[in-house]
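Below is the file protein-v2.cif, which contains mmCIF, C-alpha atoms.
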data_start
loop_
_atom_site.group_PDB
_atom_site.id
_atom_site.type_symbol
_atom_site.label_atom_id
_atom_site.label_comp_id
_atom_site.auth_asym_id
_atom_site.auth_seq_id
_atom_site.Cartn_x
_atom_site.Cartn_y
_atom_site.Cartn_z
ATOM 1 C CA MET A 1 -5.779 11.709 -9.559
ATOM 2 C CA PRO A 2 -8.975 13.499 -10.580
ATOM 3 C CA ASP A 3 -10.640 15.850 -8.104
ATOM 4 C CA THR A 4 -13.887 13.869 -8.250
ATOM 5 C CA LEU A 5 -14.075 10.074 -8.355
ATOM 6 C CA THR A 6 -17.043 7.837 -9.063
ATOM 7 C CA PRO A 7 -17.271 4.564 -7.098
ATOM 8 C CA ALA A 8 -16.000 2.690 -10.186
ATOM 9 C CA ASP A 9 -13.034 5.098 -10.530
ATOM 10 C CA ARG A 10 -11.979 4.425 -6.926
ATOM 11 C CA ARG A 11 -11.336 0.681 -7.427
ATOM 12 C CA ARG A 12 -7.978 0.039 -9.110
ATOM 13 C CA VAL A 13 -5.410 -2.704 -9.683
ATOM 14 C CA TYR A 14 -2.012 -1.919 -8.181
ATOM 15 C CA ARG A 15 1.394 -2.852 -9.665
ATOM 16 C CA GLY A 16 0.425 -5.424 -12.253
ATOM 17 C CA SER A 17 -2.195 -7.377 -10.299
ATOM 18 C CA THR A 18 -0.370 -7.575 -6.984
ATOM 19 C CA ALA A 19 -3.259 -5.880 -5.175
ATOM 20 C CA VAL A 20 -6.632 -4.252 -5.617
ATOM 21 C CA VAL A 21 -7.007 -0.881 -3.930
ATOM 22 C CA ASN A 22 -10.188 1.071 -3.347
ATOM 23 C CA PHE A 23 -9.671 4.763 -2.625
ATOM 24 C CA LEU A 24 -12.231 5.290 0.135
ATOM 25 C CA LEU A 25 -11.066 8.772 1.092
ATOM 26 C CA THR A 26 -8.409 10.670 -0.841
ATOM 27 C CA SER A 27 -5.946 13.312 0.236
ATOM 28 C CA LYS A 28 -7.733 15.760 -2.089
ATOM 29 C CA GLU A 29 -10.980 15.138 -0.193
ATOM 30 C CA THR A 30 -9.335 15.802 3.205
ATOM 31 C CA ASN A 31 -7.067 18.753 2.372
ATOM 32 C CA ASN A 32 -4.187 16.243 2.709
ATOM 33 C CA ALA A 33 -5.017 15.461 6.355
ATOM 34 C CA LEU A 34 -5.265 11.733 5.601
ATOM 35 C CA SER A 35 -6.214 9.138 3.032
ATOM 36 C CA ILE A 36 -7.846 5.741 3.472
ATOM 37 C CA LEU A 37 -7.388 2.828 1.103
ATOM 38 C CA ASP A 38 -9.232 -0.476 1.261
ATOM 39 C CA GLY A 39 -6.889 -3.103 -0.121
ATOM 40 C CA THR A 40 -6.619 -6.768 -0.977
ATOM 41 C CA ALA A 41 -3.117 -8.182 -1.430
ATOM 42 C CA VAL A 42 -1.925 -11.695 -2.116
ATOM 43 C CA LYS A 43 0.934 -13.632 -0.568
ATOM 44 C CA GLY A 44 4.172 -12.891 -2.410
ATOM 45 C CA SER A 45 3.230 -9.352 -3.453
ATOM 46 C CA GLU A 46 4.821 -7.513 -0.538
ATOM 47 C CA PRO A 47 7.124 -4.510 -0.993
ATOM 48 C CA PRO A 48 10.698 -4.733 0.317
ATOM 49 C CA ARG A 49 11.680 -3.162 3.636
ATOM 50 C CA HIS A 50 11.286 0.583 3.325
ATOM 51 C CA VAL A 51 11.003 3.826 5.225
ATOM 52 C CA HIS A 52 8.567 6.714 4.713
ATOM 53 C CA GLU A 53 9.953 10.185 5.229
ATOM 54 C CA HIS A 54 6.554 11.919 5.467
ATOM 55 C CA GLU A 55 3.727 9.486 6.343
ATOM 56 C CA ASP A 56 2.555 7.371 9.225
ATOM 57 C CA GLU A 57 0.639 4.257 8.155
ATOM 58 C CA THR A 58 -2.042 2.478 10.150
ATOM 59 C CA PHE A 59 -3.150 -0.972 8.972
ATOM 60 C CA ILE A 60 -6.525 -2.347 10.060
ATOM 61 C CA ILE A 61 -6.698 -6.059 9.237
ATOM 62 C CA LYS A 62 -10.117 -7.193 8.001
ATOM 63 C CA GLU A 63 -9.300 -10.718 6.716
ATOM 64 C CA GLY A 64 -6.206 -12.884 6.665
ATOM 65 C CA GLU A 65 -2.933 -12.678 8.571
ATOM 66 C CA MET A 66 0.257 -10.655 8.205
ATOM 67 C CA ASP A 67 3.565 -10.327 9.990
ATOM 68 C CA PHE A 68 4.798 -6.747 10.344
ATOM 69 C CA TYR A 69 8.448 -5.913 10.929
ATOM 70 C CA ILE A 70 8.568 -2.356 12.281
ATOM 71 C CA GLY A 71 11.983 -1.253 13.450
ATOM 72 C CA ASP A 72 13.111 -4.140 15.690
ATOM 73 C CA GLN A 73 9.540 -5.169 16.513
ATOM 74 C CA VAL A 74 7.712 -8.148 14.975
ATOM 75 C CA ILE A 75 3.904 -8.087 15.116
ATOM 76 C CA HIS A 76 1.676 -10.944 13.988
ATOM 77 C CA ALA A 77 -1.660 -9.421 12.952
ATOM 78 C CA LYS A 78 -4.964 -11.077 12.122
ATOM 79 C CA ALA A 79 -8.523 -9.927 11.461
ATOM 80 C CA GLY A 80 -9.522 -7.229 13.922
ATOM 81 C CA ASP A 81 -5.950 -6.123 14.712
ATOM 82 C CA VAL A 82 -4.589 -2.619 14.147
ATOM 83 C CA VAL A 83 -0.893 -1.997 13.455
ATOM 84 C CA PHE A 84 0.825 1.394 13.395
ATOM 85 C CA ALA A 85 3.967 2.032 11.305
ATOM 86 C CA PRO A 86 5.394 5.474 12.148
ATOM 87 C CA ARG A 87 7.195 7.621 9.614
ATOM 88 C CA LYS A 88 11.004 7.421 9.568
ATOM 89 C CA VAL A 89 10.958 3.874 11.006
ATOM 90 C CA PRO A 90 11.966 1.085 8.587
ATOM 91 C CA HIS A 91 9.231 -1.479 8.092
ATOM 92 C CA HIS A 92 7.876 -4.193 5.869
ATOM 93 C CA PHE A 93 5.256 -6.894 6.077
ATOM 94 C CA VAL A 94 4.687 -10.454 4.926
ATOM 95 C CA VAL A 95 1.244 -11.790 4.004
ATOM 96 C CA LYS A 96 0.947 -15.131 5.846
ATOM 97 C CA SER A 97 -2.460 -16.253 4.550
ATOM 98 C CA ASP A 98 -3.230 -16.668 0.845
ATOM 99 C CA TYR A 99 -4.459 -13.071 0.807
ATOM 100 C CA VAL A 100 -5.172 -10.238 3.193
ATOM 101 C CA LYS A 101 -7.837 -7.534 3.218
ATOM 102 C CA ASN A 102 -7.042 -4.397 5.155
ATOM 103 C CA LEU A 103 -7.633 -0.705 5.480
ATOM 104 C CA ILE A 104 -4.591 1.545 5.239
ATOM 105 C CA VAL A 105 -4.850 4.979 6.824
ATOM 106 C CA MET A 106 -2.059 7.357 5.797
ATOM 107 C CA THR A 107 -1.361 10.619 7.604
ATOM 108 C CA PRO A 108 -0.810 13.013 6.029
ATOM 109 C CA GLY A 109 -2.642 11.653 3.044
ATOM 110 C CA ALA A 110 -0.625 12.546 -0.072
ATOM 111 C CA PHE A 111 0.951 9.092 -0.398
ATOM 112 C CA ASP A 112 -2.322 7.986 -2.004
ATOM 113 C CA GLN A 113 -0.961 9.707 -5.126
ATOM 114 C CA TYR A 114 1.757 7.040 -5.272
ATOM 115 C CA PHE A 115 -0.844 4.248 -5.234
ATOM 116 C CA TRP A 116 -2.878 6.064 -7.889
ATOM 117 C CA TYR A 117 0.153 6.520 -10.141
ATOM 118 C CA LEU A 118 1.088 2.813 -9.956
ATOM 119 C CA SER A 119 -2.428 1.510 -10.469
ATOM 120 C CA ALA A 120 -4.902 1.151 -13.307
ATOM 121 C CA PRO A 121 -8.679 0.844 -13.564
ATOM 122 C CA CYS A 122 -9.740 -2.459 -12.072
ATOM 123 C CA GLY A 123 -12.534 -3.618 -14.314
ATOM 124 C CA THR A 124 -14.100 -6.876 -13.173
ATOM 125 C CA GLU A 125 -11.009 -8.722 -11.885
ATOM 126 C CA LYS A 126 -11.913 -10.917 -8.923
ATOM 127 C CA THR A 127 -8.656 -12.809 -8.382
ATOM 128 C CA LEU A 128 -5.060 -11.692 -8.275
ATOM 129 C CA THR A 129 -1.848 -13.444 -9.169
ATOM 130 C CA PRO A 130 1.363 -11.686 -8.164
ATOM 131 C CA GLN A 131 3.451 -10.900 -11.198
ATOM 132 C CA PRO A 132 7.219 -11.063 -10.667
ATOM 133 C CA GLN A 133 8.966 -7.866 -11.624
ATOM 134 C CA THR A 134 11.932 -7.773 -13.938
ATOM 135 C CA PRO A 135 15.115 -6.108 -12.619
ATOM 136 C CA GLU A 136 14.329 -3.132 -14.874
ATOM 137 C CA GLU A 137 10.790 -2.809 -13.453
ATOM 138 C CA MET A 138 12.128 -3.093 -9.897
ATOM 139 C CA LYS A 139 14.693 -0.330 -10.543
ATOM 140 C CA LYS A 140 11.984 1.914 -12.019
ATOM 141 C CA TRP A 141 9.771 1.228 -8.991
ATOM 142 C CA LYS A 142 12.607 1.976 -6.532
ATOM 143 C CA ASP A 143 13.408 5.227 -8.350
ATOM 144 C CA LEU A 144 9.739 6.244 -8.431
ATOM 145 C CA VAL A 145 9.068 5.785 -4.720
ATOM 146 C CA LYS A 146 11.951 8.139 -3.918
ATOM 147 C CA LEU A 147 9.877 10.910 -5.528
ATOM 148 C CA PHE A 148 7.275 10.240 -2.828
ATOM 149 C CA GLY A 149 9.772 10.324 0.073
ATOM 150 C CA VAL A 150 10.112 6.543 0.422
ATOM 151 C CA ASP A 151 13.372 4.618 0.283
ATOM 152 C CA PHE A 152 13.698 0.855 -0.119
ATOM 153 C CA LEU A 153 16.387 -0.543 2.137
#
This entry written out as structure tokens:
Amino acid sequence: MPDTLTPADRRRVYRGSTAVVNFLLTSKETNNALSILDGTAVKGSEPPRHVHEHEDETFIIKEGEMDFYIGDQVIHAKAGDVVFAPRKVPHHFVVKSDYVKNLIVMTPGAFDQYFWYLSAPCGTEKTLTPQPQTPEEMKKWKDLVKLFGVDFL
């Protein structure tokens, strides 16, 4: 990730059109204290259950609905809700509406590097269609997230 980002540089497509992410505040801009991503994800694009070794994640739902599975807890979240997923606690989520818009606050912030690495410049895309991953792509993805202290369960 470059040290300086223009507004156009901040908007990127994540994992083959499964989401659009906008890097509002990067870990480089906060001395790794936190990072904030503004994201839009579509139903069917969710990651598998996973655990973060280093980061807490806070999700602020702006549009749509999601179910979060955090440890043994199930939380149905809609616009205006805030959900906290602590580090070292297995979690995943399911988009219940056609799409969801949310803010993701990560503390500390370095996990934004993962999103940057798996994304590309967005261009003018307005709609997203989840692209199924091949077994080879899924293995590569699972191996990559381990470098960032995340393990898929």
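Proximity of A:His52, A:Arg15, A:Lys88, A:Lys28 to Gly109 of chain A, computed with only C-alpha atoms, is greatest for A:Lys28.
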All residues 8 Å or closer to Tyr117 of chain A, only C-alpha atoms, same chain fewer than 3 positions away omitted, as a list in words:
Met1, Gln113 and Tyr114 of chain A
I would like the residues chosen by the PyMOL selection byres ((chain A and resi 53-66) around 10) on the shown file; could you give them as a PyMOL selection string?
chain A and resi 34-43+50-52+67-69+75-90+93-111+146+148-151
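Atom CA of Pro48 of chain A to atom CA of Thr30 of chain A spans 28.8 Å [interatomic distance, one decimal].
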Counting only C-alpha atoms, figure out which residue out of A:Pro121, A:Phe115, A:Leu144, A:Leu153 gets nearest to Val13 of chain A.
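Nearest candidate to Val13 of chain A out of A:Pro121, A:Phe115, A:Leu144, A:Leu153: A:Pro121.
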On this structure, the PyMOL selection byres ((chain A and resi 4) around 12) would catch which residues? List them as a list in words, sorted by chain and number.
Met1, Pro2, Asp3, Leu5, Thr6, Pro7, Ala8, Asp9, Arg10, Phe23, Leu25, Thr26, Ser27, Lys28 and Glu29 of chain A
Atom CA of Phe152 of chain A and atom CA of Thr18 of chain A, how far apart in Å?
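We find that atom CA of Thr18 of chain A and atom CA of Phe152 of chain A lie 17.8 Å from each other.
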To box segment 90-101 of chain A, take all atoms listed in the file, fit an axis-aligned box, add 8 Å on each side, and give centre and edge lengths in Å to one decimal, as JSON.
{"center_x": 2.1, "center_y": -7.8, "center_z": 4.7, "size_x": 35.8, "size_y": 33.8, "size_z": 23.8}
To one decimal place, how far is atom CA of Glu137 of chain A from atom CA of Val20 of chain A in Å?
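These atoms are spaced 19.2 Å apart.
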So, with all atoms listed in the file as the atoms that count, which of A:Ile70, A:Cys122, A:Leu147, A:Ala19 lies closest to Ser45 of chain A?
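Looking at the shortest contact to Ser45 of chain A, the residue is A:Ala19.
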